[in-house]
$ cat data-v4.csv   # CSV, N, CA and C atoms
chain,number,residue,atom,x,y,z
A,1,MET,N,-4.8,-16.5,4.2
A,1,MET,CA,-4.7,-15.1,4.1
A,1,MET,C,-4.4,-14.5,5.5
A,2,ALA,N,-3.5,-13.5,5.5
A,2,ALA,CA,-3.1,-12.9,6.8
A,2,ALA,C,-4.3,-12.2,7.4
A,3,GLN,N,-4.2,-12.0,8.7
A,3,GLN,CA,-5.3,-11.3,9.4
A,3,GLN,C,-5.2,-9.8,9.0
A,4,MET,N,-6.4,-9.2,8.8
A,4,MET,CA,-6.5,-7.8,8.4
A,4,MET,C,-6.5,-7.0,9.6
A,5,VAL,N,-5.8,-5.8,9.6
A,5,VAL,CA,-5.8,-4.8,10.6
A,5,VAL,C,-6.1,-3.5,10.0
A,6,ARG,N,-6.6,-2.6,10.9
A,6,ARG,CA,-6.9,-1.2,10.4
A,6,ARG,C,-5.7,-0.3,10.6
A,7,VAL,N,-5.5,0.6,9.5
A,7,VAL,CA,-4.4,1.5,9.6
A,7,VAL,C,-5.0,2.9,9.2
A,8,ASN,N,-4.8,3.9,10.0
A,8,ASN,CA,-5.3,5.3,9.6
A,8,ASN,C,-4.1,6.1,9.1
A,9,THR,N,-4.3,6.9,8.1
A,9,THR,CA,-3.3,7.8,7.6
A,9,THR,C,-3.9,9.0,7.0
A,10,ARG,N,-3.0,10.0,6.7
A,10,ARG,CA,-3.5,11.2,6.0
A,10,ARG,C,-2.9,11.2,4.6
A,11,ILE,N,-3.7,11.7,3.6
A,11,ILE,CA,-3.3,11.8,2.2
A,11,ILE,C,-3.6,13.2,1.7
A,12,SER,N,-3.0,13.6,0.7
A,12,SER,CA,-3.3,14.9,0.1
A,12,SER,C,-4.7,15.0,-0.5
A,13,SER,N,-5.2,16.1,-0.6
A,13,SER,CA,-6.5,16.3,-1.2
A,13,SER,C,-6.5,15.9,-2.7
A,14,THR,N,-5.3,16.0,-3.4
A,14,THR,CA,-5.2,15.6,-4.8
A,14,THR,C,-5.3,14.1,-4.9
A,15,VAL,N,-4.6,13.4,-4.0
A,15,VAL,CA,-4.7,11.9,-4.0
A,15,VAL,C,-6.1,11.5,-3.6
A,16,ASN,N,-6.7,12.2,-2.7
A,16,ASN,CA,-8.1,11.8,-2.3
A,16,ASN,C,-9.1,12.0,-3.4
A,17,ASP,N,-8.9,13.1,-4.2
A,17,ASP,CA,-9.8,13.3,-5.3
A,17,ASP,C,-9.6,12.2,-6.4
A,18,TRP,N,-8.3,11.8,-6.6
A,18,TRP,CA,-8.1,10.7,-7.5
A,18,TRP,C,-8.7,9.4,-7.0
A,19,LEU,N,-8.6,9.1,-5.7
A,19,LEU,CA,-9.2,7.9,-5.2
A,19,LEU,C,-10.7,8.0,-5.3
A,20,ASP,N,-11.3,9.1,-5.1
A,20,ASP,CA,-12.8,9.2,-5.3
A,20,ASP,C,-13.2,8.9,-6.7
A,21,LYS,N,-12.4,9.4,-7.7
A,21,LYS,CA,-12.7,9.2,-9.1
A,21,LYS,C,-12.5,7.7,-9.4
A,22,GLN,N,-11.4,7.1,-9.0
A,22,GLN,CA,-11.2,5.7,-9.3
A,22,GLN,C,-12.2,4.8,-8.6
A,23,SER,N,-12.6,5.2,-7.4
A,23,SER,CA,-13.6,4.4,-6.7
A,23,SER,C,-15.0,4.4,-7.4
A,24,LYS,N,-15.3,5.6,-7.9
A,24,LYS,CA,-16.6,5.7,-8.6
A,24,LYS,C,-16.5,5.0,-10.0
A,25,GLU,N,-15.4,5.1,-10.7
A,25,GLU,CA,-15.2,4.5,-12.0
A,25,GLU,C,-15.2,3.0,-11.9
A,26,THR,N,-14.6,2.4,-10.9
A,26,THR,CA,-14.4,1.0,-10.8
A,26,THR,C,-15.4,0.3,-9.9
A,27,GLY,N,-16.1,1.1,-9.0
A,27,GLY,CA,-17.0,0.5,-8.0
A,27,GLY,C,-16.2,-0.2,-6.9
A,28,THR,N,-15.0,0.1,-6.8
A,28,THR,CA,-14.1,-0.4,-5.7
A,28,THR,C,-14.0,0.6,-4.6
A,29,PRO,N,-14.2,0.1,-3.4
A,29,PRO,CA,-14.0,1.1,-2.2
A,29,PRO,C,-12.6,1.7,-2.2
A,30,LYS,N,-12.5,2.9,-1.7
A,30,LYS,CA,-11.2,3.6,-1.6
A,30,LYS,C,-10.3,2.8,-0.8
A,31,SER,N,-10.8,2.3,0.3
A,31,SER,CA,-9.9,1.5,1.2
A,31,SER,C,-9.3,0.3,0.5
A,32,THR,N,-10.0,-0.3,-0.4
A,32,THR,CA,-9.5,-1.5,-1.2
A,32,THR,C,-8.5,-1.0,-2.1
A,33,ILE,N,-8.7,0.1,-2.8
A,33,ILE,CA,-7.6,0.6,-3.7
A,33,ILE,C,-6.3,0.9,-3.0
A,34,VAL,N,-6.4,1.5,-1.8
A,34,VAL,CA,-5.3,1.8,-1.0
A,34,VAL,C,-4.6,0.5,-0.5
A,35,MET,N,-5.4,-0.5,-0.1
A,35,MET,CA,-4.8,-1.7,0.3
A,35,MET,C,-4.1,-2.4,-0.8
A,36,LEU,N,-4.7,-2.4,-2.0
A,36,LEU,CA,-4.1,-3.0,-3.2
A,36,LEU,C,-2.8,-2.3,-3.5
A,37,ALA,N,-2.7,-1.0,-3.4
A,37,ALA,CA,-1.5,-0.3,-3.8
A,37,ALA,C,-0.4,-0.6,-2.8
A,38,ILE,N,-0.7,-0.7,-1.5
A,38,ILE,CA,0.3,-1.0,-0.5
A,38,ILE,C,0.7,-2.5,-0.7
A,39,GLU,N,-0.2,-3.4,-1.0
A,39,GLU,CA,0.2,-4.8,-1.2
A,39,GLU,C,1.2,-4.9,-2.4
A,40,ASN,N,0.9,-4.1,-3.5
A,40,ASN,CA,1.7,-4.1,-4.7
A,40,ASN,C,3.1,-3.5,-4.3
A,41,TYR,N,3.2,-2.5,-3.5
A,41,TYR,CA,4.4,-1.9,-3.1
A,41,TYR,C,5.2,-2.9,-2.3
A,42,TYR,N,4.6,-3.6,-1.4
A,42,TYR,CA,5.2,-4.6,-0.6
A,42,TYR,C,5.8,-5.7,-1.4
A,43,GLN,N,5.0,-6.2,-2.4
A,43,GLN,CA,5.5,-7.3,-3.2
A,43,GLN,C,6.7,-6.8,-4.1
A,44,GLN,N,6.7,-5.6,-4.6
A,44,GLN,CA,7.8,-5.1,-5.3
A,44,GLN,C,9.1,-5.0,-4.5
A,45,LYS,N,9.0,-4.5,-3.3
A,45,LYS,CA,10.1,-4.4,-2.4
A,45,LYS,C,10.7,-5.8,-2.0
A,46,GLU,N,9.8,-6.8,-1.8
A,46,GLU,CA,10.2,-8.1,-1.5
A,46,GLU,C,10.9,-8.8,-2.7
A,47,ALA,N,10.4,-8.5,-3.9
A,47,ALA,CA,11.0,-9.0,-5.1
A,47,ALA,C,12.4,-8.4,-5.3
A,48,MET,N,12.5,-7.1,-5.1
A,48,MET,CA,13.8,-6.4,-5.2
A,48,MET,C,14.8,-7.0,-4.2
A,49,LYS,N,14.4,-7.3,-3.0
A,49,LYS,CA,15.3,-7.9,-2.0
A,49,LYS,C,15.8,-9.2,-2.5
A,50,SER,N,14.9,-10.0,-3.1
A,50,SER,CA,15.3,-11.3,-3.6
A,50,SER,C,16.3,-11.2,-4.8
A,51,MET,N,16.0,-10.2,-5.6
A,51,MET,CA,16.8,-10.0,-6.8
A,51,MET,C,18.2,-9.5,-6.4
A,52,SER,N,18.4,-8.8,-5.3
A,52,SER,CA,19.7,-8.3,-4.9
A,52,SER,C,20.7,-9.4,-4.8
A,53,ASN,N,20.3,-10.6,-4.5
A,53,ASN,CA,21.2,-11.7,-4.3
A,53,ASN,C,21.4,-12.4,-5.7
A,54,MET,N,20.7,-12.0,-6.7
A,54,MET,CA,20.8,-12.8,-8.0
A,54,MET,C,22.2,-12.8,-8.6
A,55,GLY,N,22.9,-11.7,-8.5
A,55,GLY,CA,24.3,-11.6,-9.1
A,55,GLY,C,25.2,-12.6,-8.4
A,56,ALA,N,25.2,-12.7,-7.1
A,56,ALA,CA,26.0,-13.7,-6.4
A,56,ALA,C,25.6,-15.1,-6.8
A,57,ILE,N,24.3,-15.4,-6.9
A,57,ILE,CA,23.8,-16.7,-7.3
A,57,ILE,C,24.3,-17.1,-8.7
A,58,MET,N,24.2,-16.1,-9.6
A,58,MET,CA,24.6,-16.4,-11.0
A,58,MET,C,26.1,-16.7,-11.1
A,59,GLU,N,26.9,-15.9,-10.3
A,59,GLU,CA,28.4,-16.2,-10.3
A,59,GLU,C,28.6,-17.6,-9.8
A,60,LYS,N,28.0,-18.0,-8.7
A,60,LYS,CA,28.1,-19.4,-8.2
A,60,LYS,C,27.7,-20.4,-9.2
A,61,LEU,N,26.6,-20.2,-9.9
A,61,LEU,CA,26.1,-21.1,-10.9
A,61,LEU,C,27.2,-21.2,-12.0
A,62,GLU,N,27.7,-20.1,-12.5
A,62,GLU,CA,28.7,-20.2,-13.5
A,62,GLU,C,30.0,-21.0,-13.1
A,63,MET,N,30.4,-20.8,-11.8
A,63,MET,CA,31.5,-21.6,-11.3
A,63,MET,C,31.2,-23.1,-11.3
A,64,ILE,N,30.0,-23.4,-10.9
A,64,ILE,CA,29.6,-24.8,-10.9
A,64,ILE,C,29.6,-25.4,-12.3
A,65,GLU,N,29.0,-24.6,-13.3
A,65,GLU,CA,29.0,-25.1,-14.6
A,65,GLU,C,30.4,-25.3,-15.2
A,66,LYS,N,31.3,-24.5,-14.8
A,66,LYS,CA,32.7,-24.7,-15.3
A,66,LYS,C,33.3,-25.9,-14.7
A,67,GLN,N,32.9,-26.3,-13.6
A,67,GLN,CA,33.4,-27.5,-12.9
A,67,GLN,C,32.8,-28.8,-13.5
A,68,LEU,N,31.7,-28.7,-14.1
A,68,LEU,CA,31.0,-29.9,-14.6
A,68,LEU,C,31.6,-30.3,-15.9
A,69,PRO,N,31.6,-31.7,-16.2
A,69,PRO,CA,32.1,-32.1,-17.5
A,69,PRO,C,31.2,-31.5,-18.6
A,70,SER,N,31.8,-31.2,-19.7
A,70,SER,CA,31.0,-30.5,-20.8
A,70,SER,C,30.0,-31.4,-21.5
A,71,GLY,N,30.3,-32.7,-21.4
A,71,GLY,CA,29.4,-33.7,-22.1
A,71,GLY,C,29.6,-33.8,-23.6
A,72,LYS,N,30.7,-33.2,-24.1
A,72,LYS,CA,31.0,-33.2,-25.5
A,72,LYS,C,31.9,-34.3,-25.8

$ encode --input "data-v4.csv" --output "structure tokens"
Amino acid sequence: MAQMVRVNTRISSTVNDWLDKQSKETGTPKSTIVMLAIENYYQQKEAMKSMSNMGAIMEKLEMIEKQLPSGK
């Protein structure tokens, strides 16, 4: 696991109220909810970055498949 660091930020009172409610309902600290949300955002961005190359990879795969004997 990566080393944990502290980050300070400001959020709206609406989001803070929502975090308070979620924290009470789940028993999860607000900081953990924020950390999980940021981790999820990070993973989505990384996945999208990987997917951006998928079109080119598929085209190359189709070219390779056309060059292979059909086996029929």

$ atom_distance --input "data-v4.csv" --atom1 "atom N of A:Ile33" --atom2 "atom C of A:Met51"
28.8 Å

$ atom_distance --input "data-v4.csv" --atom1 "atom C of A:Thr14" --atom2 "atom N of A:Leu36"
16.8 Å

$ atom_distance --input "data-v4.csv" --atom1 "atom CA of A:Ser70" --atom2 "atom CA of A:Ile57"
20.6 Å
